[in-house]
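Notes follow the structure.
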Amino acid sequence: MELTNSLRKTIASLNQTKTRCETGWFVAEGTKCVLETVNAFHSECILATRSWIDLHPEMAHRVTCVSQSDINRMSQLKTPQQVLAVYHIPPQPAIEPDIIRNELVLALDHVQDPGNMGTIIRIADWFGIRTILADDCVDIFNPKVVQATMGSIARVKVANVNLPQTLKELAQLMPVYGTFLNGRNIYEADLTPNGIIVMGNEGKGITAEVAETVTSPLFIPPYPGDSPTAESLNVGVATAVTVAEFRRRIIE
């Protein structure tokens, strides 16, 4: 594919929701992110410098050679890399209750920060969680989210849903956990190998509607419990702590 001025400008504007909606494209940048995602999504084009292609000859037949200055003009990164890929946004993944009822699933309630979203997707990938339910969250195909996943977006399905309604239905099949300041100490609570873990908005936590669907409220205690501590944990950190405890129980 030839890199025209029009295409260059379009790729450079894929940080905008409007452009992603109009084109149906999203962008991934850098060697790790591109190599991790190249077989997971249908590519519109992959653009790289000659030196990058020489280092990755197995990709030569799939890549259009461009200059570093071209990539710099299209990149969303403060320090542009030598390769970027433009992919087609895949269809919304289907939620199959009979399958996920036996899995550990994350549910995100109004998570807005791209870095947090990308980190949570990466955490899910690390701990073997394959499905995330998201309600009014930052677009996962935002370049900052894609970059923060470091390729994990290729292995984790994120479905946009009406969370109160979806959780109400799924609560009949599996437990729904959520983190609250008045929940039960996570290290003392009964945790199951399957279930849905709800994580809330960075500043407001879990919404009242979603909270009503939670069957097992949990609390991550500070240490020591009787001393002044931070007001709360970052949602990405809280997700990692929570999921790690669930997985630890399985190992034991």
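Residue names in the structure tokens use chain letters A, B, ... in the order shown, residue numbers from 1 in each chain, and ligand numbers from 1 in the order shown.
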
DSSP-assigned strand (DSSP E) members of range 63-159 of chain A, reported as a ChimeraX atom specification: /A:64-65,83-88,104-109,131-135,157-159

Can you list, as a VMD selection string, every protein, DNA or RNA residue that comes within 9 Å of range 24-26 of chain A when you count only C-alpha atoms, leaving out same-chain residues fewer than 2 positions away? chain A and resid 11 14 to 15 19 to 22 28 43 to 44 85 to 90 141 to 143 146

Could you pull out the alpha helix (DSSP H) residues of range 12-250 of chain A, going by DSSP on the backbone, and write them as number ranges by chain? A: 12, 17-23, 31-37, 50-55, 68-74, 97-100, 114-126, 143-149, 163-170, 208-211, 235-250

With only C-alpha atoms as the basis for distance, which of A:Gln81, A:Asn72, A:Thr37, A:Asn160 is at the shortest distance from Ala94 in chain A? A:Asn160

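The protein and nucleic acid residues lying at most 12 Å from Glu245 in chain A are Phe127, Asn185, Ile186, Tyr187, Glu188, Ala189, Asp190, Leu191, Thr192, Pro193, Ile197, Leu218, Phe219, Ile220, Ala238, Thr239, Ala240, Ile250, Ile251 and Glu252 of chain A, with only C-alpha atoms considered and sequence neighbours fewer than 5 positions away removed.
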
Export of prior selection with all heavy atoms as a compact mmCIF listing (two decimals), in the first residue's frame:
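The resulting result-v2.txt:
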```
# COMPACT_ATOMS: atom_id res chain seq x y z
N PHE A 127 -3.35 -13.04 34.15
CA PHE A 127 -4.02 -13.96 35.07
C PHE A 127 -5.04 -14.87 34.38
O PHE A 127 -5.85 -15.51 35.04
CB PHE A 127 -4.69 -13.19 36.21
CG PHE A 127 -3.71 -12.68 37.24
CD1 PHE A 127 -3.37 -11.33 37.28
CD2 PHE A 127 -3.12 -13.54 38.15
CE1 PHE A 127 -2.47 -10.85 38.22
CE2 PHE A 127 -2.21 -13.07 39.09
CZ PHE A 127 -1.88 -11.73 39.13
N ASN A 185 -13.27 -8.52 54.23
CA ASN A 185 -11.83 -8.64 54.00
C ASN A 185 -11.57 -9.72 52.95
O ASN A 185 -11.94 -10.88 53.14
CB ASN A 185 -11.13 -8.99 55.32
CG ASN A 185 -9.62 -8.98 55.19
OD1 ASN A 185 -9.05 -9.35 54.17
ND2 ASN A 185 -8.97 -8.57 56.26
N ILE A 186 -10.94 -9.35 51.85
CA ILE A 186 -10.75 -10.29 50.75
C ILE A 186 -9.91 -11.50 51.15
O ILE A 186 -10.07 -12.59 50.61
CB ILE A 186 -10.12 -9.57 49.54
CG1 ILE A 186 -10.13 -10.49 48.30
CG2 ILE A 186 -8.71 -9.09 49.84
CD1 ILE A 186 -9.70 -9.81 47.02
N TYR A 187 -9.04 -11.32 52.16
CA TYR A 187 -8.17 -12.42 52.58
C TYR A 187 -8.87 -13.39 53.51
O TYR A 187 -8.33 -14.46 53.82
CB TYR A 187 -6.90 -11.85 53.24
CG TYR A 187 -6.16 -10.91 52.31
CD1 TYR A 187 -6.03 -9.56 52.61
CD2 TYR A 187 -5.63 -11.36 51.10
CE1 TYR A 187 -5.38 -8.69 51.75
CE2 TYR A 187 -4.98 -10.50 50.23
CZ TYR A 187 -4.85 -9.16 50.56
OH TYR A 187 -4.21 -8.31 49.70
N GLU A 188 -10.07 -13.03 53.94
CA GLU A 188 -10.86 -13.90 54.81
C GLU A 188 -12.13 -14.40 54.13
O GLU A 188 -12.76 -15.35 54.60
CB GLU A 188 -11.24 -13.15 56.09
CG GLU A 188 -10.04 -12.68 56.91
CD GLU A 188 -10.44 -11.78 58.06
OE1 GLU A 188 -11.65 -11.41 58.14
OE2 GLU A 188 -9.57 -11.44 58.88
N ALA A 189 -12.51 -13.79 53.02
CA ALA A 189 -13.75 -14.13 52.34
C ALA A 189 -13.63 -15.43 51.55
O ALA A 189 -12.53 -15.83 51.15
CB ALA A 189 -14.15 -12.99 51.39
N ASP A 190 -14.76 -16.07 51.35
CA ASP A 190 -14.82 -17.25 50.49
C ASP A 190 -14.81 -16.78 49.03
O ASP A 190 -15.67 -16.00 48.62
CB ASP A 190 -16.08 -18.07 50.77
CG ASP A 190 -16.08 -18.67 52.16
OD1 ASP A 190 -14.99 -19.02 52.65
OD2 ASP A 190 -17.17 -18.78 52.76
N LEU A 191 -13.86 -17.25 48.26
CA LEU A 191 -13.73 -16.87 46.86
C LEU A 191 -13.84 -18.12 45.99
O LEU A 191 -13.27 -19.16 46.31
CB LEU A 191 -12.40 -16.19 46.60
CG LEU A 191 -12.06 -14.97 47.47
CD1 LEU A 191 -10.69 -14.42 47.09
CD2 LEU A 191 -13.12 -13.89 47.33
N THR A 192 -14.56 -18.01 44.89
CA THR A 192 -14.76 -19.15 44.01
C THR A 192 -13.86 -19.04 42.77
O THR A 192 -13.45 -17.94 42.40
CB THR A 192 -16.23 -19.23 43.55
OG1 THR A 192 -16.58 -17.98 42.94
CG2 THR A 192 -17.14 -19.48 44.74
N PRO A 193 -13.55 -20.15 42.11
CA PRO A 193 -12.72 -20.10 40.90
C PRO A 193 -13.39 -19.35 39.76
O PRO A 193 -12.72 -18.81 38.89
CB PRO A 193 -12.51 -21.58 40.54
CG PRO A 193 -12.82 -22.33 41.79
CD PRO A 193 -13.87 -21.54 42.49
N ILE A 197 -15.86 -10.13 38.78
CA ILE A 197 -15.26 -9.15 39.69
C ILE A 197 -15.52 -7.76 39.13
O ILE A 197 -15.04 -7.44 38.03
CB ILE A 197 -13.74 -9.38 39.84
CG1 ILE A 197 -13.45 -10.79 40.34
CG2 ILE A 197 -13.14 -8.34 40.78
CD1 ILE A 197 -11.97 -11.16 40.29
N LEU A 218 -16.42 -7.10 48.63
CA LEU A 218 -15.09 -7.37 49.15
C LEU A 218 -14.39 -6.07 49.51
O LEU A 218 -14.72 -5.00 49.01
CB LEU A 218 -14.25 -8.12 48.10
CG LEU A 218 -14.76 -9.48 47.62
CD1 LEU A 218 -13.89 -9.99 46.48
CD2 LEU A 218 -14.79 -10.48 48.77
N PHE A 219 -13.39 -6.18 50.38
CA PHE A 219 -12.62 -5.03 50.82
C PHE A 219 -11.14 -5.42 50.85
O PHE A 219 -10.79 -6.47 51.39
CB PHE A 219 -13.08 -4.59 52.21
CG PHE A 219 -12.20 -3.54 52.86
CD1 PHE A 219 -12.00 -2.31 52.27
CD2 PHE A 219 -11.57 -3.81 54.08
CE1 PHE A 219 -11.19 -1.35 52.86
CE2 PHE A 219 -10.77 -2.85 54.69
CZ PHE A 219 -10.58 -1.62 54.09
N ILE A 220 -10.29 -4.59 50.24
CA ILE A 220 -8.85 -4.81 50.31
C ILE A 220 -8.34 -4.01 51.50
O ILE A 220 -8.32 -2.77 51.46
CB ILE A 220 -8.15 -4.34 49.02
CG1 ILE A 220 -8.70 -5.08 47.81
CG2 ILE A 220 -6.64 -4.56 49.14
CD1 ILE A 220 -8.18 -4.55 46.48
N ALA A 238 -5.77 -2.07 42.32
CA ALA A 238 -6.81 -2.81 43.03
C ALA A 238 -7.23 -4.05 42.25
O ALA A 238 -7.49 -5.11 42.82
CB ALA A 238 -8.01 -1.91 43.30
N THR A 239 -7.30 -3.92 40.93
CA THR A 239 -7.65 -5.07 40.10
C THR A 239 -6.60 -6.16 40.22
O THR A 239 -6.92 -7.34 40.37
CB THR A 239 -7.79 -4.64 38.62
OG1 THR A 239 -8.82 -3.65 38.51
CG2 THR A 239 -8.15 -5.83 37.74
N ALA A 240 -5.34 -5.77 40.17
CA ALA A 240 -4.25 -6.75 40.27
C ALA A 240 -4.27 -7.47 41.61
O ALA A 240 -4.14 -8.70 41.67
CB ALA A 240 -2.90 -6.05 40.06
N ILE A 250 -6.85 -20.80 43.87
CA ILE A 250 -6.88 -21.95 42.99
C ILE A 250 -5.59 -22.76 43.11
O ILE A 250 -5.58 -23.97 43.18
CB ILE A 250 -7.07 -21.51 41.52
CG1 ILE A 250 -8.45 -20.85 41.35
CG2 ILE A 250 -6.95 -22.69 40.57
CD1 ILE A 250 -8.69 -20.29 39.97
N ILE A 251 -4.46 -22.03 43.17
CA ILE A 251 -3.15 -22.68 43.27
C ILE A 251 -3.03 -23.48 44.55
O ILE A 251 -2.49 -24.59 44.59
CB ILE A 251 -2.03 -21.65 43.17
CG1 ILE A 251 -2.04 -21.01 41.77
CG2 ILE A 251 -0.67 -22.29 43.44
CD1 ILE A 251 -1.09 -19.84 41.62
N GLU A 252 -3.58 -22.91 45.61
CA GLU A 252 -3.52 -23.60 46.92
C GLU A 252 -4.42 -24.84 46.90
O GLU A 252 -4.18 -25.81 47.58
CB GLU A 252 -3.96 -22.66 48.04
CG GLU A 252 -2.93 -21.59 48.34
CD GLU A 252 -3.32 -20.75 49.54
OE1 GLU A 252 -4.51 -20.77 49.93
OE2 GLU A 252 -2.45 -20.08 50.12
```

What is the CA of Val235 in chain A-CA of Leu181 in chain A distance in Å, reported with one decimal? 13.5 Å

Might you pull out every residue within 8 Å of Val210 in chain A, with only C-alpha atoms counted and same-chain residues fewer than 5 positions away left off, and present them as a PyMOL selection string? chain A and resi 109+163-164+167

Pick out the residues sitting within 12 Å of Ile120 in chain A, and hand them over as a PyMOL selection string; count only C-alpha atoms, and ignore anything fewer than 6 positions along from it in its own chain. chain A and resi 105-108+111-114+126-127+129-134+140+145-146+148-150+152-153+156+158+198-200+234-243

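The shortest atom-to-atom distance to Leu104 in chain A, with only C-alpha atoms taken into account, belongs to A:Met174 out of A:Met174, A:Ile123, A:Ala159, A:Val34.
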
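Nearest-residue note for Ala244 in chain A: choosing from A:Val176, A:Ala230, A:Ala124, A:Ala208, the minimum distance belongs to A:Ala124, counting only C-alpha atoms.
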
Write out as a ChimeraX atom specification which residues come within 9 Å of Thr31 in chain A when counting only C-alpha atoms, dropping same-chain ones fewer than 2 positions away. /A:29,33-36,52,81-84

Could those selected residues go to a file with N, CA and C atoms, as a PDB file, in the first residue's frame?
```pdb
ATOM      1  N   GLU A  29       1.371   0.648  17.893  1.00  0.00           N
ATOM      2  CA  GLU A  29       2.724   1.105  17.584  1.00  0.00           C
ATOM      3  C   GLU A  29       3.782   0.359  18.378  1.00  0.00           C
ATOM      4  N   CYS A  33       4.111  -4.396  20.506  1.00  0.00           N
ATOM      5  CA  CYS A  33       2.661  -4.265  20.320  1.00  0.00           C
ATOM      6  C   CYS A  33       2.239  -4.782  18.935  1.00  0.00           C
ATOM      7  N   VAL A  34       3.020  -4.466  17.909  1.00  0.00           N
ATOM      8  CA  VAL A  34       2.664  -4.897  16.560  1.00  0.00           C
ATOM      9  C   VAL A  34       2.817  -6.412  16.409  1.00  0.00           C
ATOM     10  N   LEU A  35       3.931  -6.960  16.852  1.00  0.00           N
ATOM     11  CA  LEU A  35       4.146  -8.399  16.704  1.00  0.00           C
ATOM     12  C   LEU A  35       3.154  -9.222  17.520  1.00  0.00           C
ATOM     13  N   GLU A  36       2.701  -8.684  18.651  1.00  0.00           N
ATOM     14  CA  GLU A  36       1.726  -9.398  19.484  1.00  0.00           C
ATOM     15  C   GLU A  36       0.326  -9.378  18.870  1.00  0.00           C
ATOM     16  N   TRP A  52      13.944  -1.506  10.453  1.00  0.00           N
ATOM     17  CA  TRP A  52      13.062  -2.421  11.193  1.00  0.00           C
ATOM     18  C   TRP A  52      12.763  -3.653  10.348  1.00  0.00           C
ATOM     19  N   GLN A  81       8.224   4.983  17.506  1.00  0.00           N
ATOM     20  CA  GLN A  81       8.997   3.778  17.241  1.00  0.00           C
ATOM     21  C   GLN A  81       9.229   3.644  15.729  1.00  0.00           C
ATOM     22  N   GLN A  82       9.698   2.493  15.297  1.00  0.00           N
ATOM     23  CA  GLN A  82      10.016   2.303  13.878  1.00  0.00           C
ATOM     24  C   GLN A  82       8.932   1.556  13.108  1.00  0.00           C
ATOM     25  N   VAL A  83       7.858   1.194  13.790  1.00  0.00           N
ATOM     26  CA  VAL A  83       6.803   0.446  13.121  1.00  0.00           C
ATOM     27  C   VAL A  83       5.454   0.805  13.718  1.00  0.00           C
ATOM     28  N   LEU A  84       4.445   0.847  12.869  1.00  0.00           N
ATOM     29  CA  LEU A  84       3.071   0.988  13.346  1.00  0.00           C
ATOM     30  C   LEU A  84       2.153   0.203  12.418  1.00  0.00           C
TER      31      LEU A  84
END
```

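Take CA of Asp136 in chain A and CA of His110 in chain A: the distance between them is 5.0 Å.
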
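Candidate residues A:Lys168, A:Lys157, A:Lys204, A:Arg248 were compared for distance to Gln92 in chain A, and the nearest is A:Lys157, using only C-alpha atoms.
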
Pairwise distance for CA of Leu233 in chain A and CA of Pro221 in chain A, rounded to one decimal in Å: 10.4 Å
